[in-house]
file run37.txt (compact mmCIF, C-alpha atoms)
# COMPACT_ATOMS: atom_id res chain seq x y z
CA MET S 906 0.00 0.00 0.00
CA THR S 907 1.43 3.36 -0.99
CA GLY S 908 1.38 6.44 1.18
CA PRO S 909 0.22 9.94 0.30
CA LYS S 910 1.67 11.73 -2.70
CA SER S 911 4.18 14.40 -1.66
CA ILE S 912 4.31 17.71 -3.53
CA ASN S 913 5.82 21.19 -3.36
CA LEU S 914 3.64 24.26 -3.88
CA ALA S 915 4.64 27.38 -5.81
CA LEU S 916 2.16 30.18 -5.11
CA GLN S 917 2.10 33.13 -7.48
CA GLY S 918 1.26 36.69 -6.48
CA GLY S 919 -1.57 38.73 -7.96
CA GLY S 920 -3.02 41.04 -5.35
CA ALA S 921 -6.59 40.28 -4.26
CA HIS S 922 -6.81 37.70 -7.05
CA GLY S 923 -4.80 35.57 -4.61
CA ALA S 924 -8.21 34.51 -3.28
CA PHE S 925 -8.12 32.00 -6.16
CA THR S 926 -5.12 30.39 -4.45
CA TRP S 927 -7.07 30.34 -1.19
CA GLY S 928 -9.64 28.14 -2.94
CA VAL S 929 -6.93 25.88 -4.38
CA LEU S 930 -5.31 25.37 -0.97
CA ASP S 931 -8.65 24.92 0.75
CA ARG S 932 -9.48 22.06 -1.62
CA LEU S 933 -6.02 20.46 -1.48
CA LEU S 934 -6.20 20.39 2.32
CA GLU S 935 -9.32 18.22 2.03
CA VAL S 936 -7.32 15.53 0.19
CA PRO S 937 -5.54 13.24 2.69
CA ASP S 938 -3.63 11.53 -0.14
CA ILE S 939 -1.67 14.74 -0.84
CA GLU S 940 1.10 15.82 1.51
CA ILE S 941 2.67 19.28 1.18
CA ALA S 942 6.45 19.11 1.63
CA ALA S 943 7.45 22.70 0.84
CA VAL S 944 5.92 26.02 -0.18
CA THR S 945 7.38 29.00 -2.02
CA GLY S 946 5.28 32.12 -2.40
CA THR S 947 5.38 35.71 -3.55
CA SER S 948 3.13 38.63 -2.60
CA ALA S 949 -0.38 37.18 -2.13
CA GLY S 950 1.31 33.79 -2.42
CA ALA S 951 3.48 34.67 0.58
CA LEU S 952 0.38 35.59 2.60
CA ASN S 953 -1.39 32.39 1.61
CA GLY S 954 1.75 30.38 2.30
CA ALA S 955 2.20 31.85 5.77
CA ALA S 956 -1.40 31.05 6.71
CA LEU S 957 -1.02 27.52 5.33
CA LYS S 958 2.32 26.87 7.04
CA ALA S 959 1.14 28.15 10.43
CA GLY S 960 -1.79 25.75 10.42
CA LEU S 961 0.15 22.72 9.19
CA ALA S 962 2.91 23.44 11.72
CA ARG S 963 0.28 22.84 14.37
CA GLY S 964 -0.33 19.47 12.76
CA SER S 965 -3.80 20.36 11.57
CA ARG S 966 -5.16 20.69 8.06
CA GLU S 967 -8.31 22.20 9.52
CA ALA S 968 -6.24 24.84 11.33
CA ALA S 969 -4.63 25.72 7.99
CA ARG S 970 -8.06 26.09 6.38
CA GLU S 971 -9.21 28.28 9.27
CA ASN S 972 -6.08 30.44 8.94
CA LEU S 973 -6.72 30.95 5.24
CA ALA S 974 -10.35 31.86 5.87
CA TRP S 975 -9.29 34.33 8.56
CA LEU S 976 -6.70 35.88 6.24
CA TRP S 977 -9.19 36.56 3.47
CA GLU S 978 -11.84 37.74 5.90
CA GLN S 979 -9.32 40.39 6.88
CA VAL S 980 -9.21 41.64 3.30
CA GLY S 981 -12.97 41.43 2.81
CA ALA S 982 -13.56 37.77 1.95
CA ILE S 983 -16.94 36.15 2.53
CA THR S 984 -16.44 32.49 3.37
CA ASP S 985 -20.06 31.44 3.88
CA PRO S 986 -22.31 31.92 0.83
CA ARG S 987 -25.36 31.94 3.14
CA MET S 988 -24.19 35.36 4.33
CA ALA S 989 -24.94 36.80 0.90
CA PRO S 990 -27.07 34.42 -1.22
CA TRP S 991 -27.19 36.89 -4.09
CA LEU S 992 -23.44 36.75 -4.70
CA ASP S 993 -23.55 34.01 -7.30
CA ALA S 994 -25.92 36.11 -9.39
CA VAL S 995 -23.30 38.81 -9.84
CA ALA S 996 -20.49 37.74 -12.18
CA PRO S 997 -17.03 38.74 -10.94
CA VAL S 998 -16.27 39.94 -14.46
CA ALA S 999 -19.13 42.46 -14.26
CA VAL S 1000 -18.00 43.67 -10.84
CA SER S 1001 -14.41 44.00 -12.05
CA ALA S 1002 -15.47 45.96 -15.12
CA ALA S 1003 -17.70 48.25 -13.05
CA ILE S 1004 -14.91 49.10 -10.63
CA GLU S 1005 -12.43 49.73 -13.43
CA ALA S 1006 -14.90 52.09 -15.14
CA SER S 1007 -15.74 53.97 -11.94
CA LEU S 1008 -14.55 57.54 -11.36
CA PRO S 1009 -13.09 56.83 -7.88
CA PHE S 1010 -10.91 54.02 -9.27
CA ALA S 1011 -9.78 56.16 -12.21
CA LEU S 1012 -8.85 59.00 -9.87
CA GLY S 1013 -7.04 56.68 -7.46
CA ASP S 1014 -5.18 54.98 -10.30
CA GLY S 1015 -4.10 58.35 -11.68
CA VAL S 1016 -2.90 59.57 -8.30
CA ALA S 1017 -0.91 56.35 -7.76
CA ARG S 1018 0.92 56.92 -11.05
CA LEU S 1019 1.73 60.56 -10.31
CA VAL S 1020 2.19 60.75 -6.54
CA SER S 1021 4.87 58.85 -4.63
CA PRO S 1022 3.78 56.81 -1.58
CA TYR S 1023 6.47 58.78 0.26
CA ALA S 1024 4.37 61.94 -0.18
CA SER S 1025 2.13 60.96 2.74
CA GLY S 1026 4.89 61.86 5.21
CA PRO S 1027 4.58 60.63 8.81
CA PHE S 1028 0.99 59.45 8.28
CA TYR S 1029 2.02 56.50 6.08
CA ARG S 1030 1.20 52.98 7.23
CA ASN S 1031 1.38 49.83 5.12
CA PRO S 1032 -2.21 48.50 5.03
CA LEU S 1033 -0.98 44.90 5.24
CA GLN S 1034 0.74 45.55 8.56
CA ARG S 1035 -2.39 45.03 10.65
CA ILE S 1036 -2.81 41.58 9.09
CA VAL S 1037 0.72 40.22 8.95
CA GLU S 1038 1.54 41.28 12.50
CA ARG S 1039 -1.11 38.84 13.71
CA PHE S 1040 0.40 35.72 12.14
CA SER S 1041 1.87 33.20 14.58
CA TYR S 1042 5.53 33.38 13.58
CA ASP S 1043 6.52 30.63 16.01
CA HIS S 1044 4.59 28.38 13.62
CA VAL S 1045 5.35 30.21 10.36
CA CYS S 1046 9.11 30.02 11.03
CA GLY S 1047 9.24 26.74 12.94
CA ASP S 1048 10.55 23.38 11.78
CA PRO S 1049 7.26 21.43 11.89
CA GLY S 1050 5.19 21.51 8.73
CA PRO S 1051 6.38 22.18 5.19
CA ALA S 1052 9.53 24.17 4.41
CA PHE S 1053 8.49 27.73 3.61
CA HIS S 1054 10.19 30.34 1.42
CA ILE S 1055 9.11 33.80 0.27
CA CYS S 1056 10.91 36.23 -1.99
CA ALA S 1057 11.29 39.97 -2.47
CA THR S 1058 13.26 42.19 -4.85
CA ASN S 1059 16.26 44.17 -3.62
CA VAL S 1060 15.64 47.74 -4.84
CA ARG S 1061 19.32 48.68 -4.92
CA THR S 1062 20.71 45.60 -6.70
CA GLY S 1063 17.62 44.34 -8.53
CA LYS S 1064 18.37 40.83 -7.25
CA ILE S 1065 16.00 38.36 -5.66
CA ARG S 1066 16.21 37.64 -1.95
CA VAL S 1067 14.63 34.48 -0.60
CA PHE S 1068 13.55 34.56 3.04
CA THR S 1069 13.21 31.33 4.97
CA GLY S 1070 13.02 30.13 8.56
CA ASP S 1071 13.67 32.82 11.15
CA GLU S 1072 14.20 35.40 8.39
CA ILE S 1073 10.44 35.44 7.78
CA GLY S 1074 8.50 38.04 9.73
CA PRO S 1075 5.98 40.81 9.12
CA ASP S 1076 8.52 42.94 7.25
CA ALA S 1077 9.54 40.11 4.90
CA ILE S 1078 5.93 39.38 3.97
CA MET S 1079 5.16 43.07 3.44
CA ALA S 1080 8.30 43.34 1.30
CA SER S 1081 7.20 40.40 -0.83
CA ALA S 1082 3.90 42.22 -1.49
CA CYS S 1083 5.29 45.75 -1.86
CA LEU S 1084 4.06 47.29 -5.11
CA PRO S 1085 6.28 50.37 -5.39
CA THR S 1086 3.58 52.67 -6.79
CA LEU S 1087 1.34 51.94 -3.80
CA PHE S 1088 3.65 51.19 -0.86
CA ARG S 1089 6.97 52.45 0.41
CA ALA S 1090 9.88 50.06 0.09
CA VAL S 1091 10.26 47.81 3.14
CA GLU S 1092 13.68 48.01 4.78
CA ILE S 1093 15.22 44.83 6.22
CA ASP S 1094 18.74 44.01 7.45
CA ASP S 1095 20.74 41.81 5.06
CA PRO S 1096 23.02 39.45 6.99
CA GLU S 1097 25.29 38.95 3.95
CA THR S 1098 26.04 42.61 3.34
CA GLY S 1099 25.59 43.85 6.90
CA THR S 1100 23.51 46.73 5.54
CA ARG S 1101 19.87 47.65 5.70
CA GLU S 1102 18.34 47.02 2.29
CA ALA S 1103 15.08 48.22 0.74
CA TYR S 1104 12.77 45.69 -0.92
CA TRP S 1105 9.92 45.76 -3.43
CA ASP S 1106 7.47 43.10 -4.58
CA GLY S 1107 9.07 39.72 -5.21
CA GLY S 1108 7.09 39.31 -8.42
CA TYR S 1109 9.71 41.29 -10.34
CA THR S 1110 12.37 38.63 -9.75
CA GLY S 1111 10.51 35.48 -8.72
CA ASN S 1112 6.77 34.97 -9.05
CA PRO S 1113 7.27 32.64 -7.34
CA ALA S 1114 10.89 31.51 -7.08
CA LEU S 1115 11.06 27.81 -7.94
CA PHE S 1116 14.74 27.13 -7.23
CA PRO S 1117 14.29 26.71 -3.44
CA LEU S 1118 12.18 23.66 -4.33
CA PHE S 1119 15.02 21.96 -6.21
CA ALA S 1120 16.66 20.78 -2.96
CA GLY S 1121 17.51 17.10 -3.04
CA GLU S 1122 15.51 16.20 0.06
CA LEU S 1123 12.28 17.56 -1.41
CA PRO S 1124 9.95 15.66 -3.75
CA ALA S 1125 10.37 16.19 -7.48
CA ASP S 1126 6.78 17.37 -8.06
CA ILE S 1127 6.11 21.12 -8.11
CA LEU S 1128 2.53 22.33 -8.33
CA VAL S 1129 2.38 25.93 -9.57
CA VAL S 1130 -0.76 27.90 -8.68
CA ASN S 1131 -0.85 30.46 -11.46
CA ILE S 1132 -2.87 33.68 -11.17
CA ASN S 1133 -1.52 35.90 -13.97
CA PRO S 1134 -2.60 34.67 -17.43
CA LEU S 1135 0.31 33.32 -19.45
CA HIS S 1136 -1.46 33.83 -22.77
CA ARG S 1137 -3.87 36.42 -24.15
CA GLU S 1138 -5.23 36.02 -27.66
CA GLU S 1139 -6.26 39.64 -28.12
CA VAL S 1140 -3.75 42.47 -28.33
CA PRO S 1141 -4.68 45.15 -25.75
CA VAL S 1142 -5.51 48.57 -27.17
CA SER S 1143 -6.69 50.73 -24.27
CA ALA S 1144 -4.09 52.42 -22.07
CA ARG S 1145 -5.17 50.50 -18.98
CA ALA S 1146 -5.32 47.14 -20.80
CA ILE S 1147 -1.83 47.74 -22.20
CA GLN S 1148 -0.48 48.51 -18.73
CA ASN S 1149 -2.20 45.46 -17.29
CA ARG S 1150 -0.63 43.18 -19.92
CA ILE S 1151 2.79 44.74 -19.33
CA ASN S 1152 2.42 43.87 -15.64
CA GLU S 1153 1.30 40.32 -16.43
CA ILE S 1154 4.27 39.73 -18.73
CA SER S 1155 6.68 41.24 -16.20
CA PHE S 1156 5.33 39.16 -13.32
CA ASN S 1157 5.31 35.95 -15.40
CA SER S 1158 8.78 36.38 -16.89
CA SER S 1159 10.74 34.98 -13.93
CA LEU S 1160 8.42 31.96 -13.69
CA LEU S 1161 8.79 31.27 -17.40
CA ARG S 1162 12.59 31.52 -17.16
CA GLU S 1163 12.69 28.89 -14.43
CA LEU S 1164 10.25 26.63 -16.27
CA ARG S 1165 12.43 26.94 -19.37
CA ALA S 1166 15.48 25.97 -17.29
CA ILE S 1167 13.62 22.91 -16.00
CA ASP S 1168 12.74 21.97 -19.59
CA PHE S 1169 16.38 22.40 -20.65
CA VAL S 1170 17.62 20.08 -17.90
CA GLN S 1171 14.96 17.50 -18.77
CA ARG S 1172 16.08 17.57 -22.40
CA LEU S 1173 19.70 16.99 -21.38
CA LEU S 1174 18.66 14.07 -19.19
CA ASP S 1175 16.42 12.58 -21.88
CA ASP S 1176 19.15 12.89 -24.53
CA GLY S 1177 21.73 11.27 -22.26
CA ARG S 1178 23.94 14.36 -22.20
CA LEU S 1179 23.55 14.40 -18.42
CA GLU S 1180 23.79 11.28 -16.32
CA ASP S 1181 20.70 10.41 -14.32
CA GLY S 1182 21.18 11.84 -10.85
CA ALA S 1183 23.55 14.59 -12.01
CA MET S 1184 20.65 17.04 -11.78
CA LYS S 1185 17.18 16.69 -10.38
CA ARG S 1186 14.41 15.68 -12.77
CA VAL S 1187 11.60 18.02 -11.75
CA ARG S 1188 7.97 17.23 -12.53
CA VAL S 1189 5.77 20.28 -13.13
CA HIS S 1190 2.04 20.64 -12.58
CA MET S 1191 -0.14 23.72 -12.73
CA ILE S 1192 -3.54 24.87 -11.50
CA ALA S 1193 -4.96 27.97 -13.17
CA ASP S 1194 -8.12 29.49 -14.59
CA ASP S 1195 -6.79 31.69 -17.37
CA ALA S 1196 -10.25 32.02 -18.94
CA LEU S 1197 -11.53 33.76 -15.80
CA MET S 1198 -8.38 35.74 -15.07
CA ARG S 1199 -8.25 37.10 -18.62
CA GLN S 1200 -11.68 38.65 -18.04
CA LEU S 1201 -10.83 40.28 -14.72
CA SER S 1202 -9.16 43.67 -14.68
CA VAL S 1203 -6.37 45.04 -12.53
CA ALA S 1204 -9.10 46.81 -10.53
CA THR S 1205 -10.04 43.68 -8.58
CA LYS S 1206 -6.38 42.96 -7.88
CA ILE S 1207 -6.19 46.25 -5.99
CA VAL S 1208 -9.74 46.62 -4.66
CA ALA S 1209 -10.73 43.66 -2.47
CA VAL S 1210 -14.43 43.23 -3.25
CA PRO S 1211 -16.08 40.56 -1.07
CA GLN S 1212 -18.16 38.95 -3.80
CA VAL S 1213 -15.20 38.72 -6.17
CA LEU S 1214 -12.99 37.19 -3.48
CA HIS S 1215 -15.70 34.69 -2.64
CA GLN S 1216 -16.14 33.68 -6.27
CA LEU S 1217 -12.39 33.47 -6.84
CA ARG S 1218 -12.19 31.04 -3.93
CA GLU S 1219 -14.89 28.90 -5.54
CA ALA S 1220 -13.10 29.12 -8.88
CA GLY S 1221 -9.92 27.91 -7.18
CA ARG S 1222 -11.72 24.94 -5.66
CA THR S 1223 -13.31 24.09 -9.01
CA ALA S 1224 -9.98 24.31 -10.85
CA THR S 1225 -8.40 22.05 -8.23
CA ASP S 1226 -11.16 19.47 -8.63
CA ALA S 1227 -10.49 19.46 -12.39
CA PHE S 1228 -6.74 19.08 -11.81
CA LEU S 1229 -7.19 16.21 -9.36
CA GLU S 1230 -9.56 14.39 -11.69
CA ALA S 1231 -7.27 14.77 -14.69
CA HIS S 1232 -3.79 14.60 -13.19
CA PHE S 1233 -3.76 13.12 -9.69
CA ASP S 1234 -2.26 9.88 -11.00
CA ALA S 1235 0.57 11.81 -12.67
CA ILE S 1236 1.87 13.14 -9.34
CA GLY S 1237 5.03 11.22 -8.50
CA VAL S 1238 5.18 9.79 -12.03
CA SER S 1239 5.37 12.47 -14.72
CA SER S 1240 4.77 16.15 -15.43
CA SER S 1241 1.22 17.12 -16.32
CA VAL S 1242 2.50 20.33 -17.95
CA ASP S 1243 4.04 19.85 -21.38
CA LEU S 1244 7.00 22.20 -21.11
CA ARG S 1245 8.28 21.37 -24.59
CA ALA S 1246 4.97 22.43 -26.10
CA MET S 1247 4.92 25.53 -23.91
CA PHE S 1248 8.28 26.70 -25.23
CA ALA S 1249 7.97 25.41 -28.78

call {"tool": "encode", "arguments": {"input": "run37.txt", "output": "structure tokens"}}
result
Amino acid sequence: MTGPKSINLALQGGGAHGAFTWGVLDRLLEVPDIEIAAVTGTSAGALNGAALKAGLARGSREAARENLAWLWEQVGAITDPRMAPWLDAVAPVAVSAAIEASLPFALGDGVARLVSPYASGPFYRNPLQRIVERFSYDHVCGDPGPAFHICATNVRTGKIRVFTGDEIGPDAIMASACLPTLFRAVEIDDPETGTREAYWDGGYTGNPALFPLFAGELPADILVVNINPLHREEVPVSARAIQNRINEISFNSSLLRELRAIDFVQRLLDDGRLEDGAMKRVRVHMIADDALMRQLSVATKIVAVPQVLHQLREAGRTATDAFLEAHFDAIGVSSSVDLRAMFA
């Protein structure tokens, strides 16, 4: 009799659209035949990962689900559809479009592009601070539960920094989610340089970083929870749609580079140009709902609307059900993502 299938999770960032990942994790935690060995996350993925890790460190899948529900309640999530039975009648696409077309959003978006977050002077406070300060870091940083990594971008050098173990705290999570047009850079001591460094969103350099999951002691299967659409058929023509696609391409570029590197190594192994065991043969899986995400605007990434968060959670659960039905047997055996076709 075989035991549970062991996987690593790679959780992408995407603002409030990270509620999709909440749904994915919520459903995975209901599957006893899947064991989570390690998690890497960026931005919203770092928040989701911290909530997940803290619960699993207590030895409880239910505690992890409760942590995730609490997290998204803090940003406006509705976890019980009975609280608002009309929600399912309002498509998230319609809500997203309405917000994007609204005057308040247009004004706020314009101000964010023209006014520095440093202009608020002594009154500035990172809005995520009230949430991340309440995580149980004894559990987030502890040894029990899956290994946990988050990443941020060093403003001065432009390099990625991966935080793990005791390095993870409120500042590291806020740094991982620090969009520079909205938030001030988060300053954290760097033990390697001995200096205090400023950090922006990790999505610029690793969304999420996969390389921490290549460690030999970890399983070979990496499940990427993708929020930002990899492909759009239509060329954007409006100013806002163009900017949104620029952001999607920028935040997907680091992920695509690492996936291409995995594909390159697999080709070398398959062709016999590398001996088996010389490098790890990584198996890649992905859960996404590009059809939905392509219809949502950047507005609902920034504005946490309860009904959209609720429906994103349900979309995440539905996408996970489809993945498990189609690809559960591939875990531990082969990749369910055809990297060669992706990069053809």

call {"tool": "atom_distance", "arguments": {"input": "run37.txt", "atom1": "CA of Ala915 (chain S)", "atom2": "CA of Tyr1042 (chain S)"}}
result
20.3 Å

call {"tool": "closest_residue", "arguments": {"input": "run37.txt", "among": "S:Cys1083, S:Met1191, S:Ile1207, S:Leu957", "to": "Ala1235 (chain S)", "atoms": "only C-alpha atoms"}}
result
S:Met1191

call {"tool": "closest_residue", "arguments": {"input": "run37.txt", "among": "S:Thr1098, S:Asn972, S:Thr1058, S:Asn1149", "to": "Thr1205 (chain S)", "atoms": "all atoms listed in the file"}}
result
S:Asn1149

call {"tool": "residues_around", "arguments": {"input": "run37.txt", "residues": "Ala1246 (chain S)", "least_positions_apart": "6", "cutoff": "12 Å", "atoms": "only C-alpha atoms", "output": "tab-separated table (two decimals) with C-alpha atoms, in the coordinates of the input"}}
result
chain	number	residue	atom	x	y	z
S	1164	LEU	CA	10.25	26.63	-16.27
S	1165	ARG	CA	12.43	26.94	-19.37
S	1168	ASP	CA	12.74	21.97	-19.59

call {"tool": "closest_residue", "arguments": {"input": "run37.txt", "among": "S:Ser1240, S:Ser1041, S:Asn1133, S:Asn953", "to": "Ser1081 (chain S)", "atoms": "all atoms listed in the file"}}
result
S:Asn953
